[in-house]
Structures are given as C-alpha cells and as structure tokens.
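Trainee: Provided herewith is a single structure, encoded as structure tokens, for subsequent inquiry.
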Amino acid sequence: MYDEREQSPEHGPLAGFTVGVTAARRADELGALLERRGAAVLHAPALRIVPLSDDSELLAATKEIIGRAPDIAVATTAIGFRGWVEAADGWGLGEDLLERLREVRILARGPKVKGAIRAAGLTEEWSPASESMAEVLDRLLEEGVDGLRIAVQLHGEPLPGFVESLRAAGAEVVGVPVYRWLPPEDIGPVDRLVDAVVARTLDAVTFTSAPAAASLLSRAEERGLLDDLLAALGHDVLPACVGPVTALPLQARGVDTVQPERFRLGPLVQLLCRELPARARTLPVAGHRVEIRGHAVLVDGELRPVPPAGMSLLRALSRKPGWVVSRAELLRALPGAGRDEHAVETAMARLRTALGAPKLIQTVVKRGYRLALDPAADTKYDAVV
C-alpha cells in the first residue's frame, strides 16, 4: 500500500508545474528562481522599459527640482533612484541634483531604496518597516502637508490615490517619472502566454508590476479573449502578484490573486512552492499515491512526466475517480482528436507507459476506462462533475 507520510523528493517543489512570467525587469532572476525549484517557465514580457536617458519628462522634472528644491522627496524603488542619478549625470546635472537633494527630507519606501540613497551619498529621514507606500502616505498626512512641495519618484507603476491624496491635503506634488513602460516590440510571446492561460496549460502566472497585468488584460481584450482569460485566472490558473499594487488591475476585473507577505521575488516564489502543490489532486490508486500536477504526475513521490494528451485523459479520469469514463467522453477531452476513438487507445497506452504503473488505470471492456481507486477511499473521493 502507498505510504501517506511525507517523503523526501529528489525533485523541486514546483516540478511538474508550468509558470508564466510577465516581467520585463528581473525576468531572468525570477525565471531562474522558478526553474531551480523544478518549474517549467514560459516567459512573455508584457512590457518594455524606455531608457531613462531618452525620457524628456524626467529631464524636465530634474531641472525643476534643481531650480527649486522640494520640502520632501519620496523615493520608491532602488533601480529607479539609481537610474535617476545616473541619468542626471549623463545630462551633466548629477552634482546639482545631489546638492539639491541634500537640502530635502527624503522618505524611502524600503531597505533597497535606502541602500540606493546612501550609495549616492544621501541620507533618508525615515522608511516604513512594512515597505508600504500606504504607510508613507499615512505618515505624511498625519504630519500635515498643506503648503509643502513634495517630489514623488514614480516608477512605472500606478500609485493609486497617493498623489491625489497629497494634493487634496494641500501639497504641491512634482512627479519624477524615472522610466516608462511601453508595449513589447514583439507581441508574439504575450499572445502565446494568453493562449496558454486560456488553454489551461499553465498552472500559474506571475505579475511583478501593475502595468504588466494591465497590458496582458488589454491584449486579451484586443483579441476577444478577455472573458476566457478571466475565467481561467478565476478558477484554474493561479495569478500570483508580488504585492497589492500589482494586483489592482486584476482585482478590478474580479480576479482574486495570491500575494506574499513581503513584496519580493523570493517570497513570491516561496508562495508558489506552497500554493501549487496544495492545489494538485492527490488520490490513492491501486496501492499507490498519485499526485496530478500540470504536466507531470508524482507516483509515490517519483516524478513521471506525461505527454499533453495523456494529461488530458488523466484529468478526465480524475474528475470521476473510481468511476468508468467512456471512450467517447475521453475522446472529447483530447485536444484536436477528431472522431476516431482509436486516438484514445493510443494516448492511453502512452499514458500508462509514462506513469510506469499500468494497473493505475483499468480497462472496462466495452465501456471505457477507470482509475483503480483504492476501495477504502471510495466514499472520500466521490465523482466530481
């Protein structure tokens, strides 16, 4: 009989799962973290970043701040703050900018941007332990901002209500757009990602910026696939966001997301390592413990890759564990199989070979196939319609 005790798998916790990555910045780092834990990764940058030195709006904001110092500066991202200083250097304004910022109270969103501020020879006045822009806003409003001039480093993502709340409280806000998001030059990978979500061949999609989430939704809408995409993200494909700001475009469409407690790539990957295995279907079949993942199956803890057609058959059988599923119904589950039931027999033979335990699936003569669910589990695993 199978052993329900935890085993020490030789594979990673994400083995057998496929994860989509929409990030443009740090995509390689995120992909490597996922692959190191066993996941297959589909990378489709939903955006591209315009280099800072090409951004005339940043140049104008920099000159405005040098010409008239703000009372407070809010720094939001390390890469953005470093890029701002580097761009100013490129324009011959670097020393003037730093000299002006030395006169200013600087608030930093988190430890990484604090490091960037100090590397520039500046010192922040305060940073929230939560790394939350909401806490920065609360502090400013509690202190009072009426009549103050506040420079806010924008970082490509919306800061919902942040600038508006400061202005409503009487502050003059100078936006510092450190880089710009634009659609990707090659839309092909995004289209493939949308198709994969709709087809449920992905197990999760990661989002590390709100513009990337908005861009994916916009592209799906352009192709007439928005409803299908939302349905898949709402039930079968897990949307994982690095933080609450990133999740806003999805939540506005009624999609619930998961987010780590700390808004970083490492915790995001750790979250997937918990969530995806917990969502996998595990059944006691013919004396074995069978865990059905996205493109593979764990049989007694051993990873068994399965072809796409075989996974389609196995999912159809697992929806009715222990019950006979007809060849006609299994044929409908096969993508592009047509009307020939022989395709079911071929795919089933390959599935049994891939699983390495032929007795997991029983042939019921003239009726179809069934998962050989252990008798003691019959009442626990009723058919799922």
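By order in the structure tokens, chains are A, B, ...; within a chain, residues start at 1; ligands start at 1, following the order shown.
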Just want the 12 Å neighbourhood of His288 (chain A), counted on only C-alpha atoms, with same-chain residues fewer than 4 positions away dropped. Output as a list in words.

Mentor: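 These residues fall inside the cut-off: Met1, Tyr2, Asp3, Glu4, Thr282, Leu283, Pro284, Val297, Leu298, Val299, Asp300, Gly301, Glu302, Leu355, Gly356, Ala357, Pro358, Lys359, Leu360, Ile361, Leu371, Ala372, Leu373 and Asp374 of chain A.
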
Trainee: Could you dump the residues just selected with N, CA and C atoms as a PDB file, in the first residue's frame?

Mentor:
```
ATOM      1  N   MET A   1       0.846  -1.201   0.000  1.00  0.00           N
ATOM      2  CA  MET A   1       0.000   0.000   0.000  1.00  0.00           C
ATOM      3  C   MET A   1       0.880   1.250   0.000  1.00  0.00           C
ATOM      4  N   TYR A   2       0.309   2.366  -0.494  1.00  0.00           N
ATOM      5  CA  TYR A   2       1.085   3.609  -0.527  1.00  0.00           C
ATOM      6  C   TYR A   2       1.273   4.147   0.885  1.00  0.00           C
ATOM      7  N   ASP A   3       2.327   4.905   1.051  1.00  0.00           N
ATOM      8  CA  ASP A   3       2.669   5.480   2.350  1.00  0.00           C
ATOM      9  C   ASP A   3       2.314   6.957   2.329  1.00  0.00           C
ATOM     10  N   GLU A   4       1.416   7.396   3.202  1.00  0.00           N
ATOM     11  CA  GLU A   4       0.954   8.776   3.209  1.00  0.00           C
ATOM     12  C   GLU A   4       1.931   9.711   3.906  1.00  0.00           C
ATOM     13  N   THR A 282      -4.529  14.746  -5.312  1.00  0.00           N
ATOM     14  CA  THR A 282      -3.822  13.554  -4.836  1.00  0.00           C
ATOM     15  C   THR A 282      -4.834  12.452  -4.552  1.00  0.00           C
ATOM     16  N   LEU A 283      -4.606  11.262  -5.121  1.00  0.00           N
ATOM     17  CA  LEU A 283      -5.543  10.149  -4.983  1.00  0.00           C
ATOM     18  C   LEU A 283      -4.798   8.867  -4.627  1.00  0.00           C
ATOM     19  N   PRO A 284      -5.419   7.997  -3.814  1.00  0.00           N
ATOM     20  CA  PRO A 284      -4.863   6.662  -3.565  1.00  0.00           C
ATOM     21  C   PRO A 284      -5.364   5.706  -4.642  1.00  0.00           C
ATOM     22  N   VAL A 297       3.144  13.743 -13.205  1.00  0.00           N
ATOM     23  CA  VAL A 297       2.449  13.062 -12.113  1.00  0.00           C
ATOM     24  C   VAL A 297       3.493  12.540 -11.139  1.00  0.00           C
ATOM     25  N   LEU A 298       3.207  12.670  -9.860  1.00  0.00           N
ATOM     26  CA  LEU A 298       4.045  12.039  -8.848  1.00  0.00           C
ATOM     27  C   LEU A 298       3.400  10.705  -8.479  1.00  0.00           C
ATOM     28  N   VAL A 299       4.121   9.636  -8.706  1.00  0.00           N
ATOM     29  CA  VAL A 299       3.655   8.306  -8.311  1.00  0.00           C
ATOM     30  C   VAL A 299       4.536   7.855  -7.157  1.00  0.00           C
ATOM     31  N   ASP A 300       3.959   7.820  -5.958  1.00  0.00           N
ATOM     32  CA  ASP A 300       4.714   7.510  -4.735  1.00  0.00           C
ATOM     33  C   ASP A 300       5.942   8.421  -4.610  1.00  0.00           C
ATOM     34  N   GLY A 301       5.750   9.689  -4.945  1.00  0.00           N
ATOM     35  CA  GLY A 301       6.819  10.659  -4.799  1.00  0.00           C
ATOM     36  C   GLY A 301       7.789  10.727  -5.957  1.00  0.00           C
ATOM     37  N   GLU A 302       7.664   9.808  -6.923  1.00  0.00           N
ATOM     38  CA  GLU A 302       8.558   9.813  -8.083  1.00  0.00           C
ATOM     39  C   GLU A 302       7.924  10.622  -9.212  1.00  0.00           C
ATOM     40  N   LEU A 355       3.323   6.642 -16.787  1.00  0.00           N
ATOM     41  CA  LEU A 355       3.083   6.501 -15.350  1.00  0.00           C
ATOM     42  C   LEU A 355       3.950   5.406 -14.731  1.00  0.00           C
ATOM     43  N   GLY A 356       4.352   4.437 -15.536  1.00  0.00           N
ATOM     44  CA  GLY A 356       5.214   3.378 -15.019  1.00  0.00           C
ATOM     45  C   GLY A 356       4.500   2.393 -14.121  1.00  0.00           C
ATOM     46  N   ALA A 357       3.184   2.465 -14.059  1.00  0.00           N
ATOM     47  CA  ALA A 357       2.387   1.547 -13.233  1.00  0.00           C
ATOM     48  C   ALA A 357       1.084   1.281 -13.976  1.00  0.00           C
ATOM     49  N   PRO A 358       1.067   0.345 -14.902  1.00  0.00           N
ATOM     50  CA  PRO A 358      -0.091   0.119 -15.774  1.00  0.00           C
ATOM     51  C   PRO A 358      -1.397  -0.141 -15.037  1.00  0.00           C
ATOM     52  N   LYS A 359      -1.326  -0.702 -13.827  1.00  0.00           N
ATOM     53  CA  LYS A 359      -2.561  -1.064 -13.117  1.00  0.00           C
ATOM     54  C   LYS A 359      -3.282   0.136 -12.513  1.00  0.00           C
ATOM     55  N   LEU A 360      -2.672   1.339 -12.610  1.00  0.00           N
ATOM     56  CA  LEU A 360      -3.364   2.527 -12.106  1.00  0.00           C
ATOM     57  C   LEU A 360      -4.663   2.775 -12.862  1.00  0.00           C
ATOM     58  N   ILE A 361      -4.659   2.456 -14.154  1.00  0.00           N
ATOM     59  CA  ILE A 361      -5.839   2.688 -14.996  1.00  0.00           C
ATOM     60  C   ILE A 361      -6.337   1.345 -15.498  1.00  0.00           C
ATOM     61  N   LEU A 371      -9.926   4.996 -13.159  1.00  0.00           N
ATOM     62  CA  LEU A 371      -8.815   4.988 -12.214  1.00  0.00           C
ATOM     63  C   LEU A 371      -9.119   3.935 -11.155  1.00  0.00           C
ATOM     64  N   ALA A 372      -8.150   3.088 -10.863  1.00  0.00           N
ATOM     65  CA  ALA A 372      -8.362   1.989  -9.911  1.00  0.00           C
ATOM     66  C   ALA A 372      -8.255   2.524  -8.483  1.00  0.00           C
ATOM     67  N   LEU A 373      -9.226   3.337  -8.094  1.00  0.00           N
ATOM     68  CA  LEU A 373      -9.229   3.948  -6.770  1.00  0.00           C
ATOM     69  C   LEU A 373      -9.280   2.867  -5.690  1.00  0.00           C
ATOM     70  N   ASP A 374      -8.451   3.025  -4.670  1.00  0.00           N
ATOM     71  CA  ASP A 374      -8.456   2.038  -3.587  1.00  0.00           C
ATOM     72  C   ASP A 374      -9.838   1.994  -2.939  1.00  0.00           C
TER      73      ASP A 374
END
```

Trainee: Find the spatial neighbours of Leu42 (chain A), counting only C-alpha atoms, within a cut-off of 8 Å - ignore same-chain residues fewer than 5 positions away - and output them as a compact mmCIF listing (two decimals) with N, CA and C atoms, in the first residue's frame.

Mentor:
```txt
# COMPACT_ATOMS: atom_id res chain seq x y z
N THR A 18 3.96 24.41 -14.67
CA THR A 18 4.42 25.41 -15.64
C THR A 18 3.94 26.78 -15.17
N VAL A 19 4.87 27.73 -15.11
CA VAL A 19 4.57 29.06 -14.59
C VAL A 19 4.89 30.11 -15.65
N GLY A 20 3.96 31.02 -15.88
CA GLY A 20 4.17 32.12 -16.79
C GLY A 20 4.80 33.30 -16.07
N VAL A 21 5.73 33.97 -16.74
CA VAL A 21 6.42 35.14 -16.19
C VAL A 21 6.16 36.33 -17.11
N LEU A 193 1.34 33.47 -24.31
CA LEU A 193 1.00 33.36 -22.89
C LEU A 193 -0.50 33.42 -22.69
```

Trainee: Tell me, which residues of region 275-317 of chain A carry DSSP helix (DSSP H, G or I), written as an NGL selection string?

Mentor: :A and (275-279 or 308-317)

Trainee: Now that the selection is made, can you save its residues with all heavy atoms as a compact mmCIF listing (two decimals), in the first residue's frame?

Mentor:
```
# COMPACT_ATOMS: atom_id res chain seq x y z
N GLU A 275 1.58 27.01 -2.68
CA GLU A 275 0.23 27.04 -3.25
C GLU A 275 0.01 25.97 -4.33
O GLU A 275 -1.02 25.30 -4.33
CB GLU A 275 -0.05 28.42 -3.84
CG GLU A 275 -0.21 29.53 -2.81
CD GLU A 275 -1.56 29.48 -2.10
OE1 GLU A 275 -2.49 28.87 -2.66
OE2 GLU A 275 -1.67 30.05 -1.02
N LEU A 276 0.95 25.82 -5.26
CA LEU A 276 0.71 24.92 -6.38
C LEU A 276 0.63 23.45 -5.94
O LEU A 276 -0.30 22.75 -6.33
CB LEU A 276 1.76 25.13 -7.47
CG LEU A 276 1.61 26.43 -8.26
CD1 LEU A 276 2.69 26.55 -9.33
CD2 LEU A 276 0.23 26.55 -8.89
N PRO A 277 1.57 22.96 -5.12
CA PRO A 277 1.40 21.57 -4.67
C PRO A 277 0.11 21.36 -3.87
O PRO A 277 -0.51 20.28 -3.95
CB PRO A 277 2.64 21.33 -3.80
CG PRO A 277 3.66 22.28 -4.33
CD PRO A 277 2.88 23.51 -4.71
N ALA A 278 -0.31 22.39 -3.14
CA ALA A 278 -1.54 22.26 -2.35
C ALA A 278 -2.77 22.16 -3.25
O ALA A 278 -3.80 21.59 -2.84
CB ALA A 278 -1.68 23.45 -1.40
N ARG A 279 -2.69 22.72 -4.46
CA ARG A 279 -3.82 22.68 -5.40
C ARG A 279 -3.85 21.40 -6.22
O ARG A 279 -4.85 21.11 -6.89
CB ARG A 279 -3.73 23.88 -6.34
CG ARG A 279 -4.00 25.22 -5.67
CD ARG A 279 -3.49 26.38 -6.50
NE ARG A 279 -4.10 26.50 -7.81
CZ ARG A 279 -5.11 27.33 -8.12
NH1 ARG A 279 -5.61 28.12 -7.17
NH2 ARG A 279 -5.61 27.40 -9.32
N PRO A 308 1.06 15.79 -23.19
CA PRO A 308 -0.17 16.59 -23.04
C PRO A 308 -1.46 15.77 -23.23
O PRO A 308 -2.41 15.94 -22.46
CB PRO A 308 -0.02 17.67 -24.11
CG PRO A 308 1.45 17.82 -24.28
CD PRO A 308 2.02 16.45 -24.10
N ALA A 309 -1.48 14.90 -24.22
CA ALA A 309 -2.70 14.11 -24.45
C ALA A 309 -2.97 13.20 -23.25
O ALA A 309 -4.12 13.04 -22.81
CB ALA A 309 -2.56 13.27 -25.72
N GLY A 310 -1.91 12.60 -22.71
CA GLY A 310 -2.09 11.74 -21.54
C GLY A 310 -2.58 12.51 -20.34
O GLY A 310 -3.43 12.02 -19.58
N MET A 311 -2.07 13.75 -20.14
CA MET A 311 -2.56 14.56 -19.02
C MET A 311 -4.04 14.88 -19.19
O MET A 311 -4.79 14.90 -18.21
CB MET A 311 -1.76 15.85 -18.92
CG MET A 311 -0.33 15.69 -18.42
SD MET A 311 -0.16 14.89 -16.79
CE MET A 311 -1.17 15.93 -15.75
N SER A 312 -4.47 15.13 -20.43
CA SER A 312 -5.89 15.40 -20.67
C SER A 312 -6.75 14.20 -20.28
O SER A 312 -7.80 14.36 -19.64
CB SER A 312 -6.12 15.76 -22.15
OG SER A 312 -5.44 16.95 -22.49
N LEU A 313 -6.30 13.00 -20.63
CA LEU A 313 -7.05 11.79 -20.26
C LEU A 313 -7.04 11.60 -18.74
O LEU A 313 -8.09 11.28 -18.14
CB LEU A 313 -6.43 10.57 -20.92
CG LEU A 313 -6.53 10.46 -22.45
CD1 LEU A 313 -5.90 9.16 -22.91
CD2 LEU A 313 -7.98 10.55 -22.91
N LEU A 314 -5.89 11.81 -18.12
CA LEU A 314 -5.79 11.57 -16.68
C LEU A 314 -6.67 12.55 -15.91
O LEU A 314 -7.32 12.16 -14.92
CB LEU A 314 -4.34 11.71 -16.24
CG LEU A 314 -4.02 11.34 -14.79
CD1 LEU A 314 -4.46 9.90 -14.51
CD2 LEU A 314 -2.55 11.52 -14.50
N ARG A 315 -6.73 13.80 -16.35
CA ARG A 315 -7.60 14.76 -15.66
C ARG A 315 -9.07 14.36 -15.82
O ARG A 315 -9.85 14.51 -14.88
CB ARG A 315 -7.35 16.17 -16.22
CG ARG A 315 -6.02 16.76 -15.80
CD ARG A 315 -5.96 18.26 -16.07
NE ARG A 315 -4.63 18.76 -15.83
CZ ARG A 315 -3.70 18.92 -16.77
NH1 ARG A 315 -3.99 18.61 -18.03
NH2 ARG A 315 -2.50 19.37 -16.48
N ALA A 316 -9.42 13.89 -17.00
CA ALA A 316 -10.82 13.45 -17.21
C ALA A 316 -11.15 12.28 -16.29
O ALA A 316 -12.24 12.21 -15.71
CB ALA A 316 -11.03 13.08 -18.67
N LEU A 317 -10.22 11.35 -16.14
CA LEU A 317 -10.45 10.21 -15.24
C LEU A 317 -10.49 10.64 -13.79
O LEU A 317 -11.28 10.13 -12.98
CB LEU A 317 -9.35 9.17 -15.44
CG LEU A 317 -9.33 8.43 -16.79
CD1 LEU A 317 -8.06 7.63 -16.93
CD2 LEU A 317 -10.56 7.52 -16.92
```

Trainee: Ranking A:Leu226, A:Ala119, A:Val205, A:Cys273 by minimum distance to Ala23 (chain A) and counting only C-alpha atoms, which one comes first?

Mentor: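 Using only C-alpha atoms, the shortest distance to Ala23 (chain A) belongs to A:Val205.
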
Trainee: Just list the residues in region 13-106 of chain A DSSP gives strand (DSSP E or B) on the backbone, as number ranges by chain.

Mentor: A: 18-21, 40-43, 48-50, 72-75, 105-106

Trainee: Using N, CA, C and O atoms, can you export the residues from the last selection as a PDB file, in the first residue's frame?

Mentor:
```pdb
ATOM      1  N   THR A  18       3.958  24.413 -14.665  1.00  0.00           N
ATOM      2  CA  THR A  18       4.417  25.411 -15.637  1.00  0.00           C
ATOM      3  C   THR A  18       3.941  26.778 -15.175  1.00  0.00           C
ATOM      4  O   THR A  18       2.754  26.961 -14.879  1.00  0.00           O
ATOM      5  N   VAL A  19       4.868  27.726 -15.112  1.00  0.00           N
ATOM      6  CA  VAL A  19       4.570  29.064 -14.587  1.00  0.00           C
ATOM      7  C   VAL A  19       4.885  30.108 -15.649  1.00  0.00           C
ATOM      8  O   VAL A  19       5.962  30.100 -16.245  1.00  0.00           O
ATOM      9  N   GLY A  20       3.956  31.016 -15.877  1.00  0.00           N
ATOM     10  CA  GLY A  20       4.168  32.121 -16.792  1.00  0.00           C
ATOM     11  C   GLY A  20       4.801  33.302 -16.073  1.00  0.00           C
ATOM     12  O   GLY A  20       4.452  33.596 -14.929  1.00  0.00           O
ATOM     13  N   VAL A  21       5.732  33.969 -16.741  1.00  0.00           N
ATOM     14  CA  VAL A  21       6.420  35.143 -16.187  1.00  0.00           C
ATOM     15  C   VAL A  21       6.157  36.331 -17.113  1.00  0.00           C
ATOM     16  O   VAL A  21       6.538  36.288 -18.280  1.00  0.00           O
ATOM     17  N   ALA A  40       8.696  24.495 -15.024  1.00  0.00           N
ATOM     18  CA  ALA A  40       8.912  24.908 -16.408  1.00  0.00           C
ATOM     19  C   ALA A  40       8.411  26.345 -16.512  1.00  0.00           C
ATOM     20  O   ALA A  40       7.388  26.692 -15.910  1.00  0.00           O
ATOM     21  N   VAL A  41       9.117  27.202 -17.242  1.00  0.00           N
ATOM     22  CA  VAL A  41       8.797  28.625 -17.282  1.00  0.00           C
ATOM     23  C   VAL A  41       8.477  29.067 -18.701  1.00  0.00           C
ATOM     24  O   VAL A  41       9.208  28.739 -19.636  1.00  0.00           O
ATOM     25  N   LEU A  42       7.378  29.779 -18.847  1.00  0.00           N
ATOM     26  CA  LEU A  42       7.017  30.421 -20.111  1.00  0.00           C
ATOM     27  C   LEU A  42       7.169  31.924 -19.911  1.00  0.00           C
ATOM     28  O   LEU A  42       6.409  32.534 -19.157  1.00  0.00           O
ATOM     29  N   HIS A  43       8.171  32.512 -20.561  1.00  0.00           N
ATOM     30  CA  HIS A  43       8.463  33.934 -20.360  1.00  0.00           C
ATOM     31  C   HIS A  43       7.841  34.758 -21.485  1.00  0.00           C
ATOM     32  O   HIS A  43       8.069  34.489 -22.660  1.00  0.00           O
ATOM     33  N   ARG A  48       7.952  46.785 -22.080  1.00  0.00           N
ATOM     34  CA  ARG A  48       9.372  47.101 -22.180  1.00  0.00           C
ATOM     35  C   ARG A  48       9.591  48.458 -21.526  1.00  0.00           C
ATOM     36  O   ARG A  48       8.657  49.249 -21.391  1.00  0.00           O
ATOM     37  N   ILE A  49      10.818  48.692 -21.126  1.00  0.00           N
ATOM     38  CA  ILE A  49      11.147  49.905 -20.383  1.00  0.00           C
ATOM     39  C   ILE A  49      11.951  50.844 -21.268  1.00  0.00           C
ATOM     40  O   ILE A  49      12.936  50.442 -21.888  1.00  0.00           O
ATOM     41  N   VAL A  50      11.508  52.088 -21.356  1.00  0.00           N
ATOM     42  CA  VAL A  50      12.238  53.100 -22.112  1.00  0.00           C
ATOM     43  C   VAL A  50      13.438  53.548 -21.288  1.00  0.00           C
ATOM     44  O   VAL A  50      13.284  53.879 -20.099  1.00  0.00           O
ATOM     45  N   ILE A  72      10.099  67.828   0.609  1.00  0.00           N
ATOM     46  CA  ILE A  72      10.192  66.386   0.865  1.00  0.00           C
ATOM     47  C   ILE A  72      10.370  65.680  -0.475  1.00  0.00           C
ATOM     48  O   ILE A  72       9.771  66.079  -1.482  1.00  0.00           O
ATOM     49  N   ALA A  73      11.167  64.604  -0.486  1.00  0.00           N
ATOM     50  CA  ALA A  73      11.266  63.727  -1.649  1.00  0.00           C
ATOM     51  C   ALA A  73      10.929  62.304  -1.204  1.00  0.00           C
ATOM     52  O   ALA A  73      11.398  61.848  -0.159  1.00  0.00           O
ATOM     53  N   VAL A  74      10.091  61.617  -1.983  1.00  0.00           N
ATOM     54  CA  VAL A  74       9.707  60.237  -1.694  1.00  0.00           C
ATOM     55  C   VAL A  74      10.340  59.335  -2.745  1.00  0.00           C
ATOM     56  O   VAL A  74      10.045  59.451  -3.938  1.00  0.00           O
ATOM     57  N   ALA A  75      11.238  58.446  -2.308  1.00  0.00           N
ATOM     58  CA  ALA A  75      11.910  57.506  -3.209  1.00  0.00           C
ATOM     59  C   ALA A  75      11.235  56.138  -3.084  1.00  0.00           C
ATOM     60  O   ALA A  75      11.055  55.632  -1.977  1.00  0.00           O
ATOM     61  N   ARG A 105      14.145  66.600   2.966  1.00  0.00           N
ATOM     62  CA  ARG A 105      13.771  65.440   3.776  1.00  0.00           C
ATOM     63  C   ARG A 105      13.409  64.291   2.825  1.00  0.00           C
ATOM     64  O   ARG A 105      12.490  64.418   2.022  1.00  0.00           O
ATOM     65  N   ILE A 106      14.136  63.180   2.916  1.00  0.00           N
ATOM     66  CA  ILE A 106      13.908  62.056   1.999  1.00  0.00           C
ATOM     67  C   ILE A 106      13.245  60.906   2.744  1.00  0.00           C
ATOM     68  O   ILE A 106      13.738  60.459   3.782  1.00  0.00           O
TER      69      ILE A 106
END
```

Trainee: Measuring between only C-alpha atoms, which one of A:Val269, A:Ala354, A:Val290, A:Val198 shows the shortest distance to Glu35 (chain A)?

Mentor: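 Ranking A:Val269, A:Ala354, A:Val290, A:Val198 by distance to Glu35 (chain A), first place goes to A:Val269.
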
Trainee: Would you pick out the contacts of Val104 (chain A) at 12 Å or less, using only C-alpha atoms, so that residues sharing its chain but fewer than 2 positions from it are not included, and give the list as number ranges by chain?

Mentor: A: 65-66, 68-75, 97-102, 106-107, 122-125, 148-151

Trainee: So which residues touch Arg274 (chain A) within 12 Å, counting only C-alpha atoms, skipping near sequence neighbours fewer than 4 positions away, as a PyMOL selection string?

Mentor: chain A and resi 12-14+37+240+258-260+267-270+278-280

Trainee: With distances taken over only C-alpha atoms, which residue among A:Leu229, A:Glu57, A:Glu172, A:Pro111 lies nearest Arg253 (chain A)?

Mentor: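 Nearest candidate to Arg253 (chain A) out of A:Leu229, A:Glu57, A:Glu172, A:Pro111: A:Leu229.
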